[in-house]
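Participant: Supplied structure: data.cif, mmCIF, C-alpha atoms.
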data_entry
#
loop_
_atom_site.label_atom_id
_atom_site.label_comp_id
_atom_site.auth_asym_id
_atom_site.auth_seq_id
_atom_site.Cartn_x
_atom_site.Cartn_y
_atom_site.Cartn_z
CA MET A 1 5.51 -6.44 9.41
CA SER A 2 1.88 -5.45 9.68
CA ILE A 3 0.96 -2.00 10.85
CA PRO A 4 -2.61 -2.01 12.24
CA LEU A 5 -5.20 -0.12 10.24
CA ARG A 6 -5.79 3.24 11.86
CA ILE A 7 -9.24 4.65 11.29
CA GLU A 8 -9.81 8.24 12.30
CA THR A 9 -12.93 8.16 14.45
CA ARG A 10 -15.17 10.59 16.22
CA GLY A 11 -17.56 9.31 18.84
CA GLU A 12 -18.35 5.69 19.58
CA ALA A 13 -20.01 4.31 16.44
CA PRO A 14 -19.73 0.48 16.22
CA ALA A 15 -16.66 -0.91 14.44
CA GLY A 16 -18.88 -3.16 12.30
CA LYS A 17 -20.42 -0.09 10.71
CA ALA A 18 -16.95 1.28 9.97
CA GLU A 19 -16.18 -1.89 8.03
CA ALA A 20 -19.46 -1.55 6.11
CA VAL A 21 -18.55 2.04 5.22
CA LEU A 22 -15.05 1.02 4.13
CA ALA A 23 -16.38 -1.78 1.93
CA ALA A 24 -18.93 0.56 0.34
CA ALA A 25 -16.30 3.27 -0.17
CA GLU A 26 -13.90 0.83 -1.82
CA ARG A 27 -16.58 -0.32 -4.25
CA SER A 28 -17.58 3.26 -5.05
CA PHE A 29 -14.06 4.67 -5.47
CA LEU A 30 -12.87 1.79 -7.63
CA ALA A 31 -15.94 2.02 -9.85
CA ARG A 32 -16.28 5.82 -10.20
CA GLY A 33 -13.11 7.52 -8.97
CA PHE A 34 -12.90 10.08 -6.19
CA GLY A 35 -14.60 13.25 -7.42
CA ALA A 36 -17.80 11.52 -8.61
CA VAL A 37 -18.41 9.78 -5.27
CA SER A 38 -20.26 11.53 -2.47
CA MET A 39 -20.36 10.70 1.22
CA ASP A 40 -24.17 10.47 0.85
CA ALA A 41 -23.82 7.77 -1.81
CA ILE A 42 -21.36 5.82 0.33
CA ALA A 43 -23.72 6.03 3.31
CA ARG A 44 -26.59 4.68 1.20
CA ASP A 45 -24.46 1.84 -0.16
CA ALA A 46 -23.31 0.93 3.35
CA ALA A 47 -26.89 1.15 4.69
CA VAL A 48 -25.88 3.62 7.40
CA SER A 49 -26.61 7.26 8.05
CA LYS A 50 -24.36 10.02 6.81
CA ALA A 51 -23.76 10.92 10.47
CA THR A 52 -22.38 7.41 11.03
CA VAL A 53 -19.94 7.86 8.16
CA TYR A 54 -18.67 11.09 9.68
CA ALA A 55 -18.50 9.46 13.11
CA HIS A 56 -15.70 7.31 11.71
CA PHE A 57 -14.08 9.45 9.03
CA ALA A 58 -13.40 13.18 9.18
CA ASP A 59 -13.91 13.73 5.44
CA LYS A 60 -13.83 11.98 2.07
CA ALA A 61 -10.02 12.18 1.80
CA ALA A 62 -9.67 10.47 5.19
CA LEU A 63 -12.05 7.76 4.01
CA PHE A 64 -10.06 7.32 0.80
CA GLY A 65 -6.87 6.95 2.85
CA ALA A 66 -8.55 4.35 5.03
CA VAL A 67 -9.56 2.40 1.92
CA ILE A 68 -5.91 2.37 0.81
CA ALA A 69 -4.81 1.24 4.28
CA ARG A 70 -7.47 -1.47 4.21
CA LEU A 71 -6.14 -2.76 0.89
CA SER A 72 -2.57 -2.74 2.22
CA GLU A 73 -3.68 -4.63 5.31
CA ARG A 74 -5.55 -7.19 3.23
CA ARG A 75 -2.65 -7.81 0.84
CA PHE A 76 0.32 -7.26 3.16
CA GLY A 77 -1.11 -7.39 6.67
CA GLY A 78 -0.52 -11.00 7.65
CA PHE A 79 3.18 -10.64 6.96
CA SER A 80 5.63 -10.05 9.82
CA VAL A 81 9.33 -9.29 9.75
CA ASP A 82 9.62 -11.42 12.86
CA ALA A 83 8.87 -14.48 10.73
CA LEU A 84 11.75 -13.80 8.35
CA ASP A 85 15.16 -15.39 8.76
CA LEU A 86 17.80 -12.68 9.13
CA GLY A 87 20.46 -15.28 8.33
CA ALA A 88 18.89 -16.21 4.98
CA ILE A 89 18.95 -12.63 3.82
CA GLU A 90 18.50 -13.23 0.09
CA ALA A 91 15.45 -15.43 0.62
CA SER A 92 13.94 -13.00 3.10
CA LEU A 93 14.43 -9.97 0.88
CA THR A 94 12.96 -11.90 -2.04
CA THR A 95 9.90 -12.68 0.06
CA ILE A 96 9.49 -9.00 0.91
CA ALA A 97 9.89 -7.96 -2.72
CA ARG A 98 7.36 -10.49 -3.92
CA ARG A 99 4.79 -9.53 -1.31
CA PHE A 100 5.31 -5.85 -2.14
CA LEU A 101 4.81 -6.48 -5.85
CA GLU A 102 1.72 -8.60 -5.20
CA LEU A 103 0.33 -5.61 -3.32
CA VAL A 104 1.14 -2.80 -5.78
CA LEU A 105 0.25 -4.88 -8.85
CA SER A 106 -3.10 -6.07 -7.49
CA PRO A 107 -6.11 -4.88 -9.50
CA GLU A 108 -7.34 -2.77 -6.58
CA ALA A 109 -3.99 -1.03 -6.09
CA ILE A 110 -3.61 -0.33 -9.81
CA ALA A 111 -7.13 1.14 -9.89
CA LEU A 112 -6.37 3.37 -6.89
CA ASN A 113 -3.11 4.54 -8.49
CA ARG A 114 -5.00 5.52 -11.62
CA ILE A 115 -7.51 7.47 -9.53
CA ILE A 116 -4.68 9.37 -7.81
CA ILE A 117 -3.01 10.22 -11.11
CA ALA A 118 -6.29 11.38 -12.64
CA GLU A 119 -7.61 13.43 -9.73
CA VAL A 120 -4.76 14.67 -7.55
CA THR A 121 -4.62 18.00 -9.40
CA ARG A 122 -8.25 18.75 -8.52
CA PHE A 123 -8.03 17.15 -5.08
CA PRO A 124 -4.50 17.76 -3.70
CA GLU A 125 -5.42 16.16 -0.36
CA LEU A 126 -5.53 12.80 -2.14
CA GLY A 127 -1.76 12.81 -2.58
CA GLU A 128 -1.03 13.00 1.13
CA ALA A 129 -3.81 10.54 2.01
CA PHE A 130 -2.42 8.05 -0.48
CA TRP A 131 1.19 8.58 0.60
CA GLN A 132 0.55 8.09 4.31
CA ALA A 133 -1.77 5.09 3.92
CA GLY A 134 0.27 3.32 1.23
CA PRO A 135 3.91 4.05 0.33
CA ALA A 136 4.90 5.50 3.72
CA ARG A 137 3.53 2.46 5.56
CA THR A 138 5.28 0.03 3.24
CA ARG A 139 8.61 1.87 3.44
CA ALA A 140 8.44 1.89 7.25
CA GLN A 141 7.85 -1.86 7.32
CA ILE A 142 10.81 -2.57 5.04
CA GLU A 143 12.98 -0.15 7.00
CA ILE A 144 12.36 -2.16 10.18
CA PHE A 145 13.65 -5.32 8.51
CA LEU A 146 16.74 -3.63 7.05
CA ARG A 147 17.60 -2.15 10.43
CA ARG A 148 17.33 -5.56 12.12
CA ALA A 149 19.37 -7.25 9.38
CA THR A 150 22.11 -4.64 9.78
CA GLU A 151 22.13 -5.18 13.55
CA ALA A 152 22.42 -8.93 12.90
CA GLY A 153 25.33 -8.38 10.51
CA THR A 154 23.72 -9.89 7.41
CA LEU A 155 23.40 -6.49 5.75
CA ALA A 156 25.51 -3.33 5.96
CA VAL A 157 22.98 -0.53 5.56
CA PRO A 158 24.14 2.87 6.86
CA ASP A 159 20.75 4.52 6.30
CA PRO A 160 17.87 2.02 6.54
CA ARG A 161 15.24 4.59 5.60
CA ALA A 162 17.00 5.58 2.36
CA ALA A 163 17.79 1.94 1.61
CA ALA A 164 14.13 1.01 2.06
CA GLU A 165 13.20 3.65 -0.53
CA GLN A 166 15.84 2.26 -2.88
CA PHE A 167 14.62 -1.31 -2.35
CA VAL A 168 11.05 -0.33 -3.17
CA ALA A 169 12.19 1.53 -6.29
CA LEU A 170 14.19 -1.48 -7.46
CA ALA A 171 11.27 -3.84 -6.89
CA ARG A 172 8.73 -1.56 -8.57
CA GLY A 173 11.00 -1.14 -11.59
CA GLU A 174 9.31 -1.16 -14.99
CA ILE A 175 6.71 -3.78 -14.19
CA HIS A 176 4.52 -1.40 -12.20
CA LEU A 177 4.43 1.33 -14.85
CA ARG A 178 3.67 -1.21 -17.57
CA GLN A 179 0.71 -2.49 -15.56
CA LEU A 180 -0.58 1.06 -14.96
CA LEU A 181 -0.61 1.60 -18.72
CA ARG A 182 -2.49 -1.61 -19.51
CA PRO A 183 -6.29 -1.27 -19.48
CA GLU A 184 -6.68 -4.95 -18.65
CA GLY A 185 -4.64 -7.99 -17.73
CA ASN A 186 -3.00 -9.44 -14.66
CA ILE A 187 0.70 -9.90 -14.09
CA GLN A 188 1.73 -13.54 -14.02
CA SER A 189 3.41 -14.87 -10.90
CA LYS A 190 6.57 -15.77 -12.83
CA ALA A 191 6.95 -12.12 -13.90
CA ILE A 192 6.62 -11.02 -10.27
CA ALA A 193 9.17 -13.63 -9.19
CA ALA A 194 11.63 -12.48 -11.87
CA ALA A 195 11.25 -8.81 -10.95
CA ALA A 196 11.70 -9.58 -7.24
CA ALA A 197 14.81 -11.67 -7.84
CA ALA A 198 16.39 -8.99 -10.03
CA ALA A 199 15.72 -6.27 -7.45
CA VAL A 200 17.21 -8.32 -4.62
CA ALA A 201 20.31 -9.18 -6.65
CA VAL A 202 21.08 -5.49 -7.26
CA PHE A 203 20.27 -4.52 -3.68
CA LEU A 204 22.57 -7.18 -2.24
CA ARG A 205 25.45 -6.04 -4.43
CA ALA A 206 25.15 -2.67 -2.74
CA PHE A 207 24.49 -3.68 0.86
CA ARG A 208 25.77 -7.16 1.54
CA PRO A 209 28.72 -6.98 4.03
#
I need this file expressed as structure tokens, please.
Facilitator:
Amino acid sequence: MSIPLRIETRGEAPAGKAEAVLAAAERSFLARGFGAVSMDAIARDAAVSKATVYAHFADKAALFGAVIARLSERRFGGFSVDALDLGAIEASLTTIARRFLELVLSPEAIALNRIIIAEVTRFPELGEAFWQAGPARTRAQIEIFLRRATEAGTLAVPDPRAAAEQFVALARGEIHLRQLLRPEGNIQSKAIAAAAAAAVAVFLRAFRP
């Protein structure tokens, strides 16, 4: 289910420096938001030149998108639809829902969501960077599984793309908004499990053959 992290690059700067820039950018964005962080500050934190930063990332919005993709890869990247049992559809969908919730409810993801909400009016490019690196990637991954399950006959999904959007909405439910509105605190695993199970139950009532 993993989609490889795509870093927009220019030139041939070493990949190790790209990782250093990404790590520095993640620390800076999570601590100070988007508008207060400069590419110069990120370069200093990563111990590279500003030219090296721009050799890997076209601008600050592209770097922010890469940070989001890096988080998605870290939380969701080792997961493959090929490892899921199309015959055990309820268990497989529950696994997807739980992994999705673990991603979007992680402290890093919540912090990035708050940054988007706070700054997208001043920096409209953040919305598209966030969408492409986060929600669009996740929806595409779920869509692949729903398409395969429909081909296998364990689901009857006429429009896998729309159904993937509906599945994500069901899984996100109230639990995500509640976490966004809490200054502190982590969601317990039993709450994630309950939310995932409820989402899958509703989804299967709609799309089980």
Participant: Near range 94-106 of chain A, counting only C-alpha atoms, which residues have an atom at most 9 Å away, once you skip same-chain residues fewer than 5 positions from it, shown as number ranges by chain?
Facilitator: A: 71-72, 74-76, 79, 81, 84, 89, 111, 113, 138, 142, 167-168, 171-172, 175-176, 179-180, 186-187, 189, 192-193, 195-197, 199-200
Participant: What gap, in Å, lies between CA of Leu63 in chain A and CA of Leu30 in chain A?
Facilitator: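 So the two atoms, CA of Leu63 in chain A and CA of Leu30 in chain A, lie 13.1 Å apart.
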Participant: Mind giving me the straight-line distance from CA of Ala43 in chain A to CA of Ala62 in chain A in Å, one decimal?
Facilitator: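 If I compute the distance from CA of Ala43 in chain A to CA of Ala62 in chain A, I get 14.9 Å.
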Participant: Between CA of Pro183 in chain A and CA of Asp40 in chain A, what is the distance, to one decimal in Å?
Facilitator: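 Distance between the two atoms: 29.5 Å.
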Participant: Take the PyMOL selection byres ((chain A and resi 119-129) around 8), apply it to the structure above, and return the hits as a PyMOL selection string.
Facilitator: chain A and resi 34-35+61-62+64-65+115-118+130-133
Participant: Write out as a list in words each polymer residue whose atoms come within 12 Å of Gly153 in chain A, counting only C-alpha atoms; drop sequence neighbours fewer than 2 positions from it.
Facilitator: Leu86, Gly87, Ala88, Ile89, Leu146, Arg147, Arg148, Ala149, Thr150, Glu151, Leu155, Ala156, Val157, Pro158, Phe207, Arg208 and Pro209 of chain A
Participant: Draw an axis-aligned box tight on the listed atoms of range 24-31 of chain A, then pad every side by 3 Å and write out centre and edge lengths in Å to one decimal as AutoDock Vina command-line options.
Facilitator:
--center_x -15.9 --center_y 2.2 --center_z -4.8 --size_x 12.1 --size_y 11.0 --size_z 16.2
Participant: Find the residue from A:Leu204, A:Val37, A:Phe145, A:Leu177 that sits nearest to Ala83 in chain A; use all atoms listed in the file when measuring.
Facilitator: A:Phe145
Participant: Expand the PyMOL selection byres ((chain A and resi 161) around 9) into the explicit residue set it covers here, and present it as a list in words.
Facilitator: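 Selection result, ordered by chain and number: Arg139, Ala140, Ile142, Glu143, Ile144, Leu146, Arg147, Asp159, Pro160, Ala162, Ala163, Ala164, Glu165 and Gln166 of chain A.
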Participant: Just checking: using all atoms listed in the file, which residue out of A:Val202, A:Val21, A:Ala136, A:Ile68 ends up closest to Ile42 in chain A?
Facilitator: A:Val21
